[in-house]
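Quick look at structure_37.cif (mmCIF, C-alpha atoms):
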```cif
data_model
#
loop_
_atom_site.group_PDB
_atom_site.id
_atom_site.type_symbol
_atom_site.label_atom_id
_atom_site.label_comp_id
_atom_site.auth_asym_id
_atom_site.auth_seq_id
_atom_site.Cartn_x
_atom_site.Cartn_y
_atom_site.Cartn_z
ATOM 1 C CA ARG P 670 186.152 90.248 5.321
ATOM 2 C CA SER P 671 187.442 86.849 6.272
ATOM 3 C CA PRO P 672 188.574 84.770 3.297
ATOM 4 C CA ARG P 673 186.467 81.752 4.270
ATOM 5 C CA ARG P 674 183.905 81.024 6.959
ATOM 6 C CA LEU P 675 181.056 78.611 7.543
ATOM 7 C CA ARG P 676 177.502 79.767 8.107
ATOM 8 C CA CYS P 677 175.109 77.124 9.344
ATOM 9 C CA PRO P 678 171.498 77.507 10.492
ATOM 10 C CA ARG P 679 171.362 77.715 14.252
ATOM 11 C CA ARG P 680 168.388 75.411 14.680
ATOM 12 C CA GLU P 681 169.472 72.721 12.236
ATOM 13 C CA PRO P 682 172.112 70.056 12.937
ATOM 14 C CA ILE P 683 175.327 70.291 11.008
ATOM 15 C CA SER P 684 175.342 67.861 8.108
ATOM 16 C CA ALA P 685 177.171 67.384 4.856
ATOM 17 C CA THR P 686 174.640 69.441 2.871
ATOM 18 C CA ASN P 687 173.139 72.181 5.031
ATOM 19 C CA CYS P 688 176.220 74.430 5.430
ATOM 20 C CA SER P 689 176.809 77.373 3.107
ATOM 21 C CA VAL P 690 180.312 78.638 2.433
ATOM 22 C CA THR P 691 180.976 82.323 2.084
ATOM 23 C CA ARG P 692 184.159 83.086 0.200
ATOM 24 C CA LEU P 693 185.150 86.749 -0.301
ATOM 25 C CA GLY P 694 181.575 87.779 0.332
ATOM 26 C CA TYR P 695 180.004 85.588 -2.362
ATOM 27 C CA PRO P 696 177.814 82.817 -0.943
ATOM 28 C CA MET P 697 178.583 79.396 -2.307
ATOM 29 C CA THR P 698 177.238 75.996 -1.364
ATOM 30 C CA GLU P 699 179.452 72.912 -1.216
ATOM 31 C CA GLU P 700 179.124 69.583 0.496
ATOM 32 C CA ILE P 701 181.214 69.193 3.645
ATOM 33 C CA ASN P 702 181.631 65.889 5.466
ATOM 34 C CA PRO P 703 182.704 66.607 9.072
ATOM 35 C CA PHE P 704 183.810 62.974 9.499
ATOM 36 C CA GLN P 705 186.124 62.944 6.485
ATOM 37 C CA ALA P 706 189.860 63.422 7.046
ATOM 38 C CA SER P 707 191.277 66.662 5.798
ATOM 39 C CA PRO P 708 193.560 66.600 2.740
ATOM 40 C CA ILE P 709 196.534 67.360 5.007
ATOM 41 C CA GLU P 710 195.794 64.400 7.310
ATOM 42 C CA ALA P 711 195.112 62.092 4.384
ATOM 43 C CA GLY P 712 198.409 63.082 2.818
ATOM 44 C CA ARG P 713 200.242 62.512 6.092
ATOM 45 C CA HIS P 714 198.804 58.997 6.484
ATOM 46 C CA GLU P 715 199.677 58.183 2.883
ATOM 47 C CA HIS P 716 203.201 59.497 3.501
ATOM 48 C CA GLU P 717 203.558 57.258 6.566
ATOM 49 C CA ARG P 718 202.317 54.197 4.690
ATOM 50 C CA SER P 719 204.839 54.830 1.929
ATOM 51 C CA PHE P 720 207.675 54.267 4.442
ATOM 52 C CA VAL P 721 206.542 50.748 5.399
ATOM 53 C CA HIS P 722 209.345 48.444 4.361
ATOM 54 C CA PRO P 723 208.308 45.601 2.086
ATOM 55 C CA TYR P 724 208.193 42.085 3.470
ATOM 56 C CA ALA P 725 211.557 40.312 3.467
ATOM 57 C CA SER P 726 211.682 36.602 4.140
ATOM 58 C CA GLY P 727 213.566 35.593 7.256
ATOM 59 C CA GLN P 728 213.794 31.899 6.421
ATOM 60 C CA THR P 729 217.558 31.915 5.859
ATOM 61 C CA ARG P 730 218.209 33.668 9.166
ATOM 62 C CA ALA P 731 215.763 31.352 10.912
ATOM 63 C CA ARG P 732 217.566 28.287 9.559
ATOM 64 C CA TRP P 733 220.951 29.554 10.721
ATOM 65 C CA THR P 734 219.494 30.376 14.135
ATOM 66 C CA ILE P 735 217.968 26.922 14.473
ATOM 67 C CA LEU P 736 221.131 25.177 13.262
ATOM 68 C CA LEU P 737 223.511 27.053 15.565
ATOM 69 C CA THR P 738 221.141 26.818 18.525
ATOM 70 C CA ALA P 739 220.810 23.068 18.019
ATOM 71 C CA LEU P 740 224.607 22.749 17.861
ATOM 72 C CA SER P 741 224.889 24.799 21.048
ATOM 73 C CA ALA P 742 222.395 22.481 22.750
ATOM 74 C CA LEU P 743 224.443 19.441 21.691
ATOM 75 C CA LEU P 744 227.537 21.016 23.219
ATOM 76 C CA ASN P 745 225.537 21.618 26.403
ATOM 77 C CA VAL P 746 224.705 17.917 26.508
ATOM 78 C CA ALA P 747 228.355 17.035 25.879
ATOM 79 C CA PHE P 748 229.400 19.314 28.704
ATOM 80 C CA VAL P 749 226.871 17.670 31.040
ATOM 81 C CA ALA P 750 228.410 14.275 30.242
ATOM 82 C CA SER P 751 231.925 15.642 30.702
ATOM 83 C CA SER P 752 230.979 17.242 34.013
ATOM 84 C CA SER P 753 229.544 13.929 35.210
ATOM 85 C CA LEU P 754 232.909 12.309 34.496
ATOM 86 C CA GLN P 755 234.568 15.141 36.402
ATOM 87 C CA ILE P 756 232.384 14.453 39.454
ATOM 88 C CA GLN P 757 233.336 10.777 39.358
ATOM 89 C CA LEU P 758 237.008 11.708 39.087
ATOM 90 C CA LEU P 759 236.737 14.111 42.032
ATOM 91 C CA HIS P 760 235.061 11.454 44.177
ATOM 92 C CA THR P 761 237.844 9.010 43.274
ATOM 93 C CA SER P 762 240.459 11.619 44.150
ATOM 94 C CA MET P 763 238.832 12.291 47.522
ATOM 95 C CA ARG P 764 238.925 8.571 48.383
ATOM 96 C CA SER P 765 242.527 8.125 47.262
ATOM 97 C CA SER P 766 245.514 9.450 49.103
ATOM 98 C CA ARG P 767 247.411 9.853 45.820
ATOM 99 C CA PRO P 768 245.109 11.066 43.013
ATOM 100 C CA ASN P 769 246.042 10.311 39.422
ATOM 101 C CA ALA P 770 247.574 13.530 38.131
ATOM 102 C CA GLN P 771 247.360 12.405 34.489
ATOM 103 C CA SER P 772 243.597 11.863 34.781
ATOM 104 C CA LEU P 773 243.150 15.286 36.313
ATOM 105 C CA ILE P 774 245.101 16.908 33.463
ATOM 106 C CA TRP P 775 243.064 15.131 30.804
ATOM 107 C CA ASN P 776 239.851 16.083 32.599
ATOM 108 C CA ASP P 777 240.805 19.751 32.636
ATOM 109 C CA LEU P 778 241.787 19.611 28.959
ATOM 110 C CA ARG P 779 238.494 17.975 27.986
ATOM 111 C CA GLN P 780 236.464 20.498 29.951
ATOM 112 C CA THR P 781 238.391 23.420 28.491
ATOM 113 C CA VAL P 782 237.924 22.291 24.893
ATOM 114 C CA ILE P 783 234.180 21.783 25.329
ATOM 115 C CA VAL P 784 233.725 25.100 27.144
ATOM 116 C CA ARG P 785 235.580 27.068 24.466
ATOM 117 C CA ALA P 786 233.635 25.393 21.671
ATOM 118 C CA GLU P 787 230.437 26.082 23.584
ATOM 119 C CA ILE P 788 231.291 29.780 23.947
ATOM 120 C CA VAL P 789 232.080 30.210 20.241
ATOM 121 C CA VAL P 790 228.928 28.440 19.067
ATOM 122 C CA SER P 791 226.732 30.181 21.645
ATOM 123 C CA VAL P 792 227.954 33.621 20.531
ATOM 124 C CA ALA P 793 227.372 32.703 16.886
ATOM 125 C CA ALA P 794 223.874 31.411 17.698
ATOM 126 C CA PHE P 795 223.066 34.577 19.643
ATOM 127 C CA VAL P 796 224.196 36.797 16.758
ATOM 128 C CA ALA P 797 222.135 34.744 14.309
ATOM 129 C CA PHE P 798 219.122 34.993 16.612
ATOM 130 C CA LEU P 799 219.454 38.783 16.883
ATOM 131 C CA MET P 800 219.669 39.081 13.085
ATOM 132 C CA TRP P 801 216.575 36.930 12.728
ATOM 133 C CA MET P 802 214.704 38.909 15.384
ATOM 134 C CA TYR P 803 215.556 42.185 13.636
ATOM 135 C CA ARG P 804 214.160 40.839 10.375
ATOM 136 C CA ALA P 805 211.071 39.292 11.997
ATOM 137 C CA TYR P 806 210.151 42.468 13.886
ATOM 138 C CA GLY P 807 210.831 44.609 10.833
ATOM 139 C CA ASN P 808 208.318 42.529 8.868
ATOM 140 C CA LEU P 809 205.432 43.261 11.232
ATOM 141 C CA PRO P 810 204.246 46.511 9.560
ATOM 142 C CA ALA P 811 204.231 44.780 6.159
ATOM 143 C CA LEU P 812 202.142 41.999 7.729
ATOM 144 C CA GLY P 813 199.517 44.489 8.896
ATOM 145 C CA ALA P 814 200.582 44.859 12.542
ATOM 146 C CA GLU P 815 199.651 48.199 14.094
ATOM 147 C CA ARG P 816 200.463 50.137 17.271
ATOM 148 C CA LEU P 817 203.870 48.494 17.671
ATOM 149 C CA ARG P 818 205.746 49.515 20.818
ATOM 150 C CA PHE P 819 209.281 49.264 19.481
ATOM 151 C CA SER P 820 211.352 49.501 16.349
ATOM 152 C CA ALA P 821 213.304 46.598 14.889
ATOM 153 C CA GLY P 822 216.547 48.142 16.140
ATOM 154 C CA TRP P 823 215.316 48.538 19.710
ATOM 155 C CA ALA P 824 213.819 45.038 19.712
ATOM 156 C CA VAL P 825 217.434 43.856 19.422
ATOM 157 C CA GLY P 826 219.102 46.665 21.372
ATOM 158 C CA TYR P 827 217.173 46.016 24.576
ATOM 159 C CA PHE P 828 219.172 42.808 25.075
ATOM 160 C CA PHE P 829 222.190 44.990 25.938
ATOM 161 C CA ILE P 830 220.562 47.544 28.254
ATOM 162 C CA PRO P 831 220.717 46.721 31.991
ATOM 163 C CA ILE P 832 217.396 46.212 33.799
ATOM 164 C CA LEU P 833 215.398 46.667 30.576
ATOM 165 C CA SER P 834 217.007 43.490 29.263
ATOM 166 C CA PHE P 835 214.975 41.529 31.826
ATOM 167 C CA PHE P 836 211.607 42.216 30.180
ATOM 168 C CA ARG P 837 211.825 44.324 26.989
ATOM 169 C CA PRO P 838 213.130 41.511 24.740
ATOM 170 C CA TYR P 839 210.270 39.302 25.925
ATOM 171 C CA GLN P 840 207.759 42.021 25.053
ATOM 172 C CA ALA P 841 209.307 42.407 21.604
ATOM 173 C CA ALA P 842 209.242 38.638 21.001
ATOM 174 C CA ARG P 843 205.624 38.558 22.138
ATOM 175 C CA GLU P 844 204.720 41.261 19.619
ATOM 176 C CA ILE P 845 206.474 39.291 16.878
ATOM 177 C CA TRP P 846 204.478 36.180 17.764
ATOM 178 C CA MET P 847 201.158 37.987 17.859
ATOM 179 C CA GLY P 848 201.769 40.096 14.764
ATOM 180 C CA SER P 849 202.858 37.062 12.734
ATOM 181 C CA ASP P 850 199.821 34.899 13.455
ATOM 182 C CA PRO P 851 198.078 34.200 10.127
ATOM 183 C CA GLY P 852 194.732 33.910 11.906
ATOM 184 C CA ARG P 853 194.862 37.386 13.451
ATOM 185 C CA LEU P 854 192.220 39.747 12.151
ATOM 186 C CA PRO P 855 193.321 43.129 10.719
ATOM 187 C CA GLY P 856 193.462 45.802 13.406
ATOM 188 C CA SER P 857 193.349 43.248 16.228
ATOM 189 C CA ASP P 858 196.113 42.843 18.809
ATOM 190 C CA ARG P 859 194.945 39.377 19.893
ATOM 191 C CA ALA P 860 196.541 36.363 18.283
ATOM 192 C CA VAL P 861 194.614 33.175 17.633
ATOM 193 C CA SER P 862 197.311 31.090 19.323
ATOM 194 C CA PRO P 863 198.481 32.479 22.698
ATOM 195 C CA PRO P 864 202.242 33.126 22.970
ATOM 196 C CA THR P 865 202.876 30.563 25.722
ATOM 197 C CA THR P 866 206.021 29.341 23.973
ATOM 198 C CA VAL P 867 207.509 32.841 24.188
ATOM 199 C CA GLY P 868 206.880 33.001 27.928
ATOM 200 C CA TRP P 869 208.407 29.590 28.646
ATOM 201 C CA TRP P 870 211.411 30.387 26.470
ATOM 202 C CA TRP P 871 212.049 33.676 28.248
ATOM 203 C CA ALA P 872 211.702 32.086 31.685
ATOM 204 C CA ALA P 873 214.224 29.383 30.749
ATOM 205 C CA TRP P 874 216.524 32.016 29.224
ATOM 206 C CA LEU P 875 216.576 34.075 32.435
ATOM 207 C CA LEU P 876 216.946 31.005 34.643
ATOM 208 C CA SER P 877 219.903 29.849 32.560
ATOM 209 C CA GLY P 878 221.599 33.208 33.071
ATOM 210 C CA ILE P 879 220.987 33.055 36.816
ATOM 211 C CA PHE P 880 222.533 29.580 36.978
ATOM 212 C CA GLY P 881 225.539 30.836 35.007
ATOM 213 C CA GLY P 882 226.222 33.642 37.467
ATOM 214 C CA LEU P 883 225.713 31.335 40.462
ATOM 215 C CA VAL P 884 228.082 28.696 39.118
ATOM 216 C CA ALA P 885 230.755 31.261 38.282
ATOM 217 C CA ALA P 886 230.648 32.552 41.863
ATOM 218 C CA MET P 887 230.742 29.057 43.376
ATOM 219 C CA ALA P 888 233.599 27.891 41.143
ATOM 220 C CA GLY P 889 235.638 30.954 41.987
ATOM 221 C CA GLU P 890 235.252 30.357 45.733
ATOM 222 C CA ALA P 891 235.835 26.569 45.635
ATOM 223 C CA ARG P 892 238.824 25.629 47.779
ATOM 224 C CA SER P 893 238.327 21.887 48.133
ATOM 225 C CA ALA P 894 237.284 18.919 46.049
ATOM 226 C CA ARG P 895 233.911 18.781 47.849
ATOM 227 C CA GLU P 896 233.174 22.410 47.004
ATOM 228 C CA LEU P 897 234.211 21.781 43.410
ATOM 229 C CA VAL P 898 231.832 18.817 43.231
ATOM 230 C CA ASP P 899 228.965 21.015 44.468
ATOM 231 C CA ALA P 900 229.806 23.692 41.902
ATOM 232 C CA THR P 901 229.918 21.073 39.152
ATOM 233 C CA TRP P 902 226.439 19.820 40.078
ATOM 234 C CA TRP P 903 225.067 23.349 39.833
ATOM 235 C CA LEU P 904 226.844 23.657 36.506
ATOM 236 C CA ILE P 905 225.022 20.543 35.270
ATOM 237 C CA TYR P 906 221.667 21.976 36.374
ATOM 238 C CA GLY P 907 222.426 25.183 34.507
ATOM 239 C CA GLU P 908 223.368 23.305 31.355
ATOM 240 C CA ILE P 909 220.108 21.344 31.482
ATOM 241 C CA VAL P 910 218.141 24.590 31.741
ATOM 242 C CA ALA P 911 220.162 25.959 28.816
ATOM 243 C CA VAL P 912 219.186 22.923 26.723
ATOM 244 C CA VAL P 913 215.511 23.517 27.556
ATOM 245 C CA ALA P 914 215.857 27.201 26.618
ATOM 246 C CA ALA P 915 217.516 26.240 23.327
ATOM 247 C CA LEU P 916 214.742 23.784 22.435
ATOM 248 C CA LEU P 917 212.066 26.371 23.234
ATOM 249 C CA LEU P 918 213.929 28.965 21.158
ATOM 250 C CA ILE P 919 214.061 26.593 18.196
ATOM 251 C CA ARG P 920 210.335 25.951 18.527
ATOM 252 C CA MET P 921 209.565 29.678 18.744
ATOM 253 C CA VAL P 922 211.730 30.678 15.772
ATOM 254 C CA ARG P 923 210.354 27.862 13.619
ATOM 255 C CA ALA P 924 206.730 28.736 14.477
ATOM 256 C CA ILE P 925 207.144 32.477 13.889
ATOM 257 C CA ASP P 926 208.965 31.964 10.597
ATOM 258 C CA LYS P 927 206.234 29.597 9.418
ATOM 259 C CA ASN P 928 203.482 31.998 10.530
ATOM 260 C CA GLN P 929 205.074 35.010 8.861
ATOM 261 C CA THR P 930 205.372 33.145 5.570
ATOM 262 C CA ALA P 931 201.750 31.995 5.784
ATOM 263 C CA ARG P 932 200.454 35.459 6.695
ATOM 264 C CA HIS P 933 202.432 37.074 3.876
ATOM 265 C CA ASN P 934 200.994 34.585 1.394
ATOM 266 C CA LEU P 935 197.466 35.294 2.630
ATOM 267 C CA LEU P 936 197.933 39.042 2.286
ATOM 268 C CA GLN P 937 199.400 38.607 -1.196
ATOM 269 C CA ALA P 938 196.448 36.458 -2.268
ATOM 270 C CA ALA P 939 193.971 38.971 -0.820
ATOM 271 C CA SER P 940 195.639 41.880 -2.655
ATOM 272 C CA GLN P 941 195.540 39.978 -5.946
ATOM 273 C CA ASP P 942 191.848 39.233 -5.493
ATOM 274 C CA ASP P 943 191.135 42.930 -4.912
#
```

Structure rendered as structure tokens:
Amino acid sequence: RSPRRLRCPRREPISATNCSVTRLGYPMTEEINPFQASPIEAGRHEHERSFVHPYASGQTRARWTILLTALSALLNVAFVASSSLQIQLLHTSMRSSRPNAQSLIWNDLRQTVIVRAEIVVSVAAFVAFLMWMYRAYGNLPALGAERLRFSAGWAVGYFFIPILSFFRPYQAAREIWMGSDPGRLPGSDRAVSPPTTVGWWWAAWLLSGIFGGLVAAMAGEARSARELVDATWWLIYGEIVAVVAALLLIRMVRAIDKNQTARHNLLQAASQDD
């Protein structure tokens, strides 16, 4: 004899009350709901929910990201002004048979100082941004986001993987924006406000990197003052794009941080009401 089997009338539809259970040969009747999750599945879902990390505010990381990014943008502006002076100096040198060596030395010193300061601040801003992004993406499950494509670690790690770094970070930032929207309904993947800021920021970010590679190649191949002037102009264009990318990044980080705080407060108020 089988330890447990279901016997249902052949001509009647299966329901929660018309199935009899035979256990060790003794007929018994119990209610069975075919649409109810089994105890094993219910326990598994409860086990998965228990591993959702609690919400952790990212305001401190957002402030550091905004501060360092703003400082990096100011250095970009300073470098644009310094590069404009360099172009004027190069034009003067091309018109003169004996260029002023002292002016050229001071120009190179000024450019070097600004570039080194720009590199240090840009690296610090990038690290702060990655720390903020890790925190913001890690908060999504606690904010009710479902069917996430990445983990918080991979949302950051994709910046360092060739080819994937061209589109995966944008997808992760888009998920952060959509999952943080306080107006998003539970279980919905559509945000009330479309993530246009994320798209513009990522386009400016990629364009800034393309300008950086182009300028590095042109500067390395410059053999005359005219070629150096052309490379400097492209450098100015790249710095302007970098300023735009920085401003869009500040706007995105500020909006997401504000939305995550608002959504967390709404969820806390809803849980207290229940």

Fill in: Picked residues, the PyMOL selection byres ((chain P and resi 869) around 10), as an NGL selection string
:P and (864-868 or 870-874 or 913-914 or 917-918 or 921)

Could you dump the residues just selected with C-alpha atoms as a short mmCIF file (atom, residue, chain, number, x, y, z; two decimals), keeping the file's coordinate frame?
```
data_model
loop_
_atom_site.label_atom_id
_atom_site.label_comp_id
_atom_site.auth_asym_id
_atom_site.auth_seq_id
_atom_site.Cartn_x
_atom_site.Cartn_y
_atom_site.Cartn_z
CA PRO P 864 202.24 33.13 22.97
CA THR P 865 202.88 30.56 25.72
CA THR P 866 206.02 29.34 23.97
CA VAL P 867 207.51 32.84 24.19
CA GLY P 868 206.88 33.00 27.93
CA TRP P 870 211.41 30.39 26.47
CA TRP P 871 212.05 33.68 28.25
CA ALA P 872 211.70 32.09 31.68
CA ALA P 873 214.22 29.38 30.75
CA TRP P 874 216.52 32.02 29.22
CA VAL P 913 215.51 23.52 27.56
CA ALA P 914 215.86 27.20 26.62
CA LEU P 917 212.07 26.37 23.23
CA LEU P 918 213.93 28.96 21.16
CA MET P 921 209.56 29.68 18.74
#
```

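The space between CA of Phe795 (chain P) and CA of Leu736 (chain P) spans 11.5 Å.
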
Discussion item. So, with all atoms listed in the file as the atoms that count, which of P:Met800, P:Ala891, P:Met847, P:Leu773 lies closest to Arg932 (chain P)?
Written reply: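 Smallest distance to Arg932 (chain P) is found for P:Met847.
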
Response to the item:
note - CA of Met887 (chain P) and CA of Tyr906 (chain P) are separated by 13.5 Å

Fill in: Between CA of Gly727 (chain P) and CA of Ala811 (chain P) - distance in Å to one decimal
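Distance reported for this atom pair: 13.1 Å.
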
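Candidate residues P:Ala886, P:Ala797, P:Ile879, P:Val789 were compared for distance to Trp733 (chain P), and the nearest is P:Ala797, using only C-alpha atoms.
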
Item to complete: For each of P:Val912, P:Ile783, P:Ala725, P:Ala821, take the minimum atom-to-atom distance to Leu799 (chain P), counting all atoms listed in the file, then give the residue where this is smallest.
Response: P:Ala821

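For the residues P:Ser820, P:Ser940, P:Ser849, P:Ser753, ranking by smallest atom-to-atom distance to Arg923 (chain P) using all atoms listed in the file places P:Ser849 first.
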
Item to complete: Name the residues, using the chain letters and numbers of the file, that sit within 9 Å of (230.8, 18.3, 40.5) when counting all atoms listed in the file, and give them as an MDAnalysis selection string.
Response: chainID P and resid 752:757 759:760 894:905

Item to complete: Please identify all polymer residues within 12 Å of Arg732 (chain P), counting only C-alpha atoms, omitting same-chain residues fewer than 6 positions from it, and present them as a list in words.
Response: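 Using only C-alpha atoms, the neighbours found are Ser726, Thr738, Ala739, Ala794, Ala797, Phe798, Met800, Trp801, Ile919, Arg920, Val922, Arg923, Ala924, Asp926 and Lys927 of chain P.
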
Fill in: Leu876 (chain P) surroundings by only C-alpha atoms, 9 Å radius, close-in-sequence under 6 positions cut, as JSON, numbers by chain
{"P": [907, 910, 911, 914]}

Quick one: residues within 8 Å of Ile845 (chain P), all atoms listed in the file, excluding same-chain residues fewer than 3 positions away - as a compact mmCIF listing (two decimals) with C-alpha atoms, keeping the file's coordinate frame?
```
# COMPACT_ATOMS: atom_id res chain seq x y z
CA ALA P 805 211.07 39.29 12.00
CA TYR P 806 210.15 42.47 13.89
CA LEU P 809 205.43 43.26 11.23
CA ALA P 841 209.31 42.41 21.60
CA ALA P 842 209.24 38.64 21.00
CA GLY P 848 201.77 40.10 14.76
CA SER P 849 202.86 37.06 12.73
CA ILE P 925 207.14 32.48 13.89
```

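In this comparison, which uses all atoms listed in the file, the residue of P:Ser893, P:Ser791, P:Gln929, P:Ser834 approaching Pro851 (chain P) most closely is P:Gln929.
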
Practice prompt. Pick out the closest residue to Leu812 (chain P) from this set: P:Ala915, P:Arg853, P:Ser741, P:Arg764. Count only C-alpha atoms.
Written response: P:Arg853

Please enclose the listed atoms of region 915-923 of chain P in an axis-aligned box, pad each side by 8 Å, and write out the centre and the three edge lengths in Å, rounded to one decimal, as AutoDock Vina command-line options.
```
--center_x 213.5 --center_y 27.2 --center_z 18.5 --size_x 24.0 --size_y 22.9 --size_z 25.7
```
